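Raw contents of query_4.csv, CSV, C-alpha atoms:
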chain,number,residue,atom,x,y,z
A,1,GLY,CA,48.1,-75.2,18.3
A,2,LYS,CA,46.8,-71.8,17.4
A,3,ASP,CA,45.0,-71.3,14.1
A,4,SER,CA,46.7,-68.6,12.2
A,5,SER,CA,43.4,-66.8,11.6
A,6,SER,CA,42.6,-66.5,15.3
A,7,LYS,CA,43.1,-63.1,16.8
A,8,GLU,CA,44.5,-62.5,20.3
A,9,GLU,CA,43.3,-59.4,22.0
A,10,ALA,CA,44.6,-58.1,25.3
A,11,VAL,CA,42.0,-56.6,27.6
A,12,SER,CA,42.9,-54.8,30.8
A,13,LEU,CA,40.9,-53.3,33.5
A,14,MET,CA,42.1,-50.1,35.1
A,15,THR,CA,40.5,-48.9,38.3
A,16,ALA,CA,43.0,-46.1,38.9
A,17,PRO,CA,42.3,-42.5,37.8
A,18,PRO,CA,43.2,-41.9,34.1
A,19,PRO,CA,46.9,-41.7,33.3
A,20,ALA,CA,46.4,-38.6,31.1
A,21,ALA,CA,45.6,-35.6,33.2
A,22,ALA,CA,43.4,-33.9,30.5
A,23,ALA,CA,41.4,-37.1,29.9
A,24,ALA,CA,37.7,-36.7,30.7
A,25,ALA,CA,37.0,-39.4,33.2
A,26,ALA,CA,34.5,-39.3,36.0
A,27,GLY,CA,36.0,-41.9,38.4
A,28,SER,CA,33.7,-43.9,40.5
A,29,LEU,CA,30.5,-42.1,41.2
A,30,SER,CA,28.5,-42.5,44.3
A,31,GLY,CA,24.8,-42.0,43.7
A,32,SER,CA,21.4,-43.3,44.3
A,33,LEU,CA,21.0,-41.3,47.5
A,34,SER,CA,17.3,-40.6,47.7
A,35,TRP,CA,15.1,-38.3,49.6
A,36,GLN,CA,11.7,-36.6,49.5
A,37,MET,CA,12.0,-33.9,46.9
A,38,SER,CA,8.7,-33.1,45.3
A,39,ALA,CA,6.8,-29.9,46.0
A,40,GLY,CA,3.8,-32.0,46.9
A,41,SER,CA,5.6,-34.0,49.7
A,42,ALA,CA,5.2,-33.2,53.3
A,43,ALA,CA,8.9,-32.3,53.6
A,44,ALA,CA,8.7,-29.7,50.8
A,45,ALA,CA,5.1,-28.4,51.3
A,46,ASP,CA,6.4,-25.1,52.5
A,47,ARG,CA,8.6,-24.6,49.4
A,48,GLN,CA,7.2,-22.9,46.4
A,49,PRO,CA,9.1,-22.6,43.0
A,50,GLY,CA,9.4,-18.8,43.3
A,51,SER,CA,10.6,-18.8,46.9
A,52,SER,CA,13.5,-21.2,46.5
A,53,SER,CA,17.0,-20.0,45.5
A,54,HIS,CA,17.8,-23.4,44.2
A,55,TYR,CA,14.7,-24.0,42.1
A,56,VAL,CA,15.4,-24.6,38.4
A,57,PRO,CA,12.4,-25.0,36.0
A,58,GLY,CA,12.0,-28.6,34.9
A,59,TYR,CA,13.6,-30.0,38.0
A,60,PRO,CA,11.9,-30.9,41.3
A,61,LEU,CA,12.1,-28.7,44.4
A,62,LEU,CA,14.5,-29.9,47.0
A,63,SER,CA,13.0,-30.6,50.4
A,64,SER,CA,14.7,-29.1,53.4
A,65,VAL,CA,16.2,-32.5,54.2
A,66,ALA,CA,17.6,-32.9,50.7
A,67,SER,CA,18.8,-29.3,50.7
A,68,GLY,CA,20.5,-29.7,54.1
A,69,PHE,CA,22.1,-33.0,53.0
A,70,LEU,CA,23.5,-31.4,49.8
A,71,ALA,CA,24.6,-28.3,51.7
A,72,GLY,CA,26.5,-30.5,54.1
A,73,LEU,CA,28.3,-32.3,51.3
A,74,LEU,CA,29.2,-29.0,49.6
A,75,GLU,CA,30.4,-27.4,52.9
A,76,HIS,CA,32.6,-30.5,53.8
A,77,LEU,CA,33.7,-31.4,50.3
A,78,PRO,CA,37.4,-30.5,50.9
A,79,ALA,CA,37.3,-32.7,54.1
A,80,LEU,CA,35.8,-35.6,52.1
A,81,LEU,CA,38.6,-35.7,49.6
A,82,PRO,CA,41.0,-37.8,51.7
A,83,PHE,CA,38.3,-40.5,51.9
A,84,THR,CA,37.0,-40.3,48.3
A,85,ALA,CA,40.1,-39.4,46.3
A,86,ALA,CA,42.8,-41.5,48.1
A,87,THR,CA,45.9,-41.1,46.0
A,88,ASN,CA,48.1,-38.5,44.3
A,89,ASN,CA,46.7,-39.7,40.9
A,90,SER,CA,43.2,-39.0,42.3
A,91,TYR,CA,44.0,-35.3,42.9
A,92,ALA,CA,45.7,-35.1,39.5
A,93,ARG,CA,42.3,-36.1,38.0
A,94,LEU,CA,40.5,-33.2,39.6
A,95,LEU,CA,41.0,-30.7,36.8
A,96,PRO,CA,38.6,-28.3,35.1
A,97,GLY,CA,37.1,-29.6,31.9
A,98,THR,CA,37.4,-33.3,32.8
A,99,TRP,CA,34.0,-33.9,34.4
A,100,SER,CA,35.7,-34.7,37.7
A,101,GLY,CA,34.4,-31.8,39.8
A,102,ALA,CA,37.3,-29.5,40.2
A,103,HIS,CA,35.3,-26.6,41.6
A,104,ALA,CA,33.2,-26.5,44.8
A,105,CYS,CA,29.6,-26.2,43.5
A,106,TRP,CA,26.5,-28.2,42.7
A,107,GLY,CA,24.2,-28.2,39.8
A,108,TRP,CA,21.3,-30.0,38.1
A,109,ASP,CA,22.8,-32.2,35.3
A,110,ASN,CA,26.1,-30.1,35.4
A,111,ARG,CA,28.8,-32.6,34.5
A,112,GLU,CA,31.5,-30.3,35.7
A,113,ALA,CA,30.1,-29.9,39.2
A,114,PRO,CA,31.5,-32.2,41.9
A,115,LEU,CA,28.0,-32.6,43.3
A,116,ARG,CA,25.6,-33.3,40.3
A,117,LEU,CA,21.9,-33.9,40.8
A,118,THR,CA,20.3,-35.8,37.9
A,119,CYS,CA,16.9,-37.2,37.3
A,120,ALA,CA,16.7,-40.4,35.2
A,121,ASN,CA,13.0,-40.3,34.5
A,122,ALA,CA,11.6,-37.0,33.0
A,123,ALA,CA,8.0,-38.2,33.7
A,124,ASP,CA,8.8,-38.6,37.4
A,125,PRO,CA,11.8,-36.3,38.2
A,126,ALA,CA,11.2,-36.2,42.0
A,127,GLY,CA,11.1,-40.0,42.2
A,128,SER,CA,14.2,-40.6,40.1
A,129,CYS,CA,16.8,-38.2,41.3
A,130,ASN,CA,20.4,-39.1,42.3
A,131,ILE,CA,23.3,-37.2,43.8
A,132,GLU,CA,26.6,-37.9,42.0
A,133,VAL,CA,29.7,-37.2,44.0
A,134,LYS,CA,32.2,-36.8,41.2
A,135,ALA,CA,35.4,-36.5,43.4
A,136,PHE,CA,35.2,-40.2,44.3
A,137,ASP,CA,37.4,-42.7,42.4
A,138,ALA,CA,38.2,-46.3,42.5
A,139,THR,CA,41.3,-46.0,44.6
A,140,ALA,CA,39.2,-45.0,47.6
A,141,ASN,CA,37.7,-47.5,50.0
A,142,PRO,CA,34.0,-47.4,49.0
A,143,TYR,CA,32.8,-48.1,52.5
A,144,ILE,CA,34.9,-45.4,54.1
A,145,GLY,CA,34.0,-43.0,51.3
A,146,LEU,CA,30.3,-43.6,51.6
A,147,VAL,CA,30.4,-43.3,55.4
A,148,ALA,CA,32.2,-39.9,55.1
A,149,ILE,CA,29.6,-38.7,52.5
A,150,MET,CA,26.8,-39.8,54.8
A,151,ALA,CA,28.4,-38.1,57.8
A,152,ALA,CA,28.9,-34.8,55.9
A,153,GLY,CA,25.3,-34.9,54.6
A,154,MET,CA,23.8,-35.7,58.0
A,155,ARG,CA,25.8,-32.9,59.6
A,156,GLY,CA,24.3,-30.5,57.0
A,157,ILE,CA,20.8,-31.8,57.9
A,158,GLN,CA,21.4,-31.4,61.7
A,159,GLU,CA,22.8,-27.9,61.2
A,160,ALA,CA,20.1,-26.9,58.7
A,161,ALA,CA,23.0,-25.8,56.4
A,162,SER,CA,22.1,-23.3,53.7
A,163,LEU,CA,22.4,-24.5,50.1
A,164,PRO,CA,23.6,-21.9,47.6
A,165,PRO,CA,21.9,-21.7,44.2
A,166,PRO,CA,22.9,-24.3,41.7
A,167,LEU,CA,25.5,-23.6,39.1
A,168,GLN,CA,24.0,-24.4,35.7
A,169,VAL,CA,27.0,-23.5,33.6
A,170,GLU,CA,30.5,-24.7,33.4
A,171,PRO,CA,32.3,-23.6,36.6
A,172,ALA,CA,35.4,-22.3,34.8
A,173,ALA,CA,33.2,-20.1,32.6
A,174,ALA,CA,31.3,-18.8,35.6
A,175,LEU,CA,34.6,-17.9,37.3
A,176,ALA,CA,35.9,-16.1,34.2
A,177,ALA,CA,32.6,-14.2,33.9
A,178,ALA,CA,32.8,-13.2,37.6
A,179,ALA,CA,36.4,-12.1,37.2
A,180,ALA,CA,35.6,-10.0,34.1
A,181,ALA,CA,32.7,-8.4,35.9
A,182,ALA,CA,34.9,-7.6,38.9
A,183,ALA,CA,37.5,-6.0,36.6
A,184,ALA,CA,35.0,-3.8,34.8
Translate the structure of the given file into structure tokens.
Amino acid sequence: GKDSSSKEEAVSLMTAPPPAAAAAAAGSLSGSLSWQMSAGSAAAADRQPGSSSHYVPGYPLLSSVASGFLAGLLEHLPALLPFTAATNNSYARLLPGTWSGAHACWGWDNREAPLRLTCANAADPAGSCNIEVKAFDATANPYIGLVAIMAAGMRGIQEAASLPPPLQVEPAAALAAAAAAAAA
């Protein structure tokens, strides 16, 4: 029998997107995609901090390979969604303010960007950076999703796709500021 002082607790695991649309939840992130990034590497030797539109002080320069890969992801992000956000609930999760990547942009440590670059080791940022693809949740087949991500990135490299500057502020705030500037 049960001791009356014992406590039963129910624990459940939910791999679906959050049931509350406004809940901040990042889904399943794909990361740990690595590349040569540092300004001292052969791949980035031609890139200097002042000459790169995506240079942010405190972060490593992106090599042309890393830049092309990320540009391919950004360019093909809408086409990736059927592979990385597989259900209606997945799309309901992609809202501004929920860290899910509702706007097409990229940024260094920008939790609202669907493509977030982050460096785990401040002492060696070029050797510890990851790409997080935020619009990837647990309802997606991880193998198919990662193959789609790799294909989009490789296409960006093959086409030498151009990467726009990073967005270092919340995307909704940047849109509001751009709309206010256009109206003025």
Excluding segment 107-118 of chain A and residues on its chain fewer than 3 positions from it, collect all residues at most 7 Å away from it, counting only C-alpha atoms, and give them as a PyMOL selection string. chain A and resi 97+99-104+129-135+166-171
Taking 3 positions as the minimum chain separation for residues in the same chain, which residues sit within 8 Å of segment 71-84 of chain A when counting all atoms listed in the file? Answer as a PyMOL selection string. chain A and resi 67-68+104-106+115+135-137+140-142+144-145+148-149+152-157+161-164
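Atom CA of Val147 of chain A sits 14.5 Å away from atom CA of Ala86 of chain A.
For the pair atom CA of Pro96 of chain A and atom CA of Leu70 of chain A, the separation is 21.3 Å.
In terms of minimum interatomic distance to Tyr91 of chain A, A:Thr139 ranks closest within A:Thr139, A:Phe69, A:Ala184, A:Cys119, counting only C-alpha atoms.
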Could you tell me how far atom CA of Arg93 of chain A sits from atom CA of Tyr143 of chain A, in Å to one decimal place? 21.1 Å
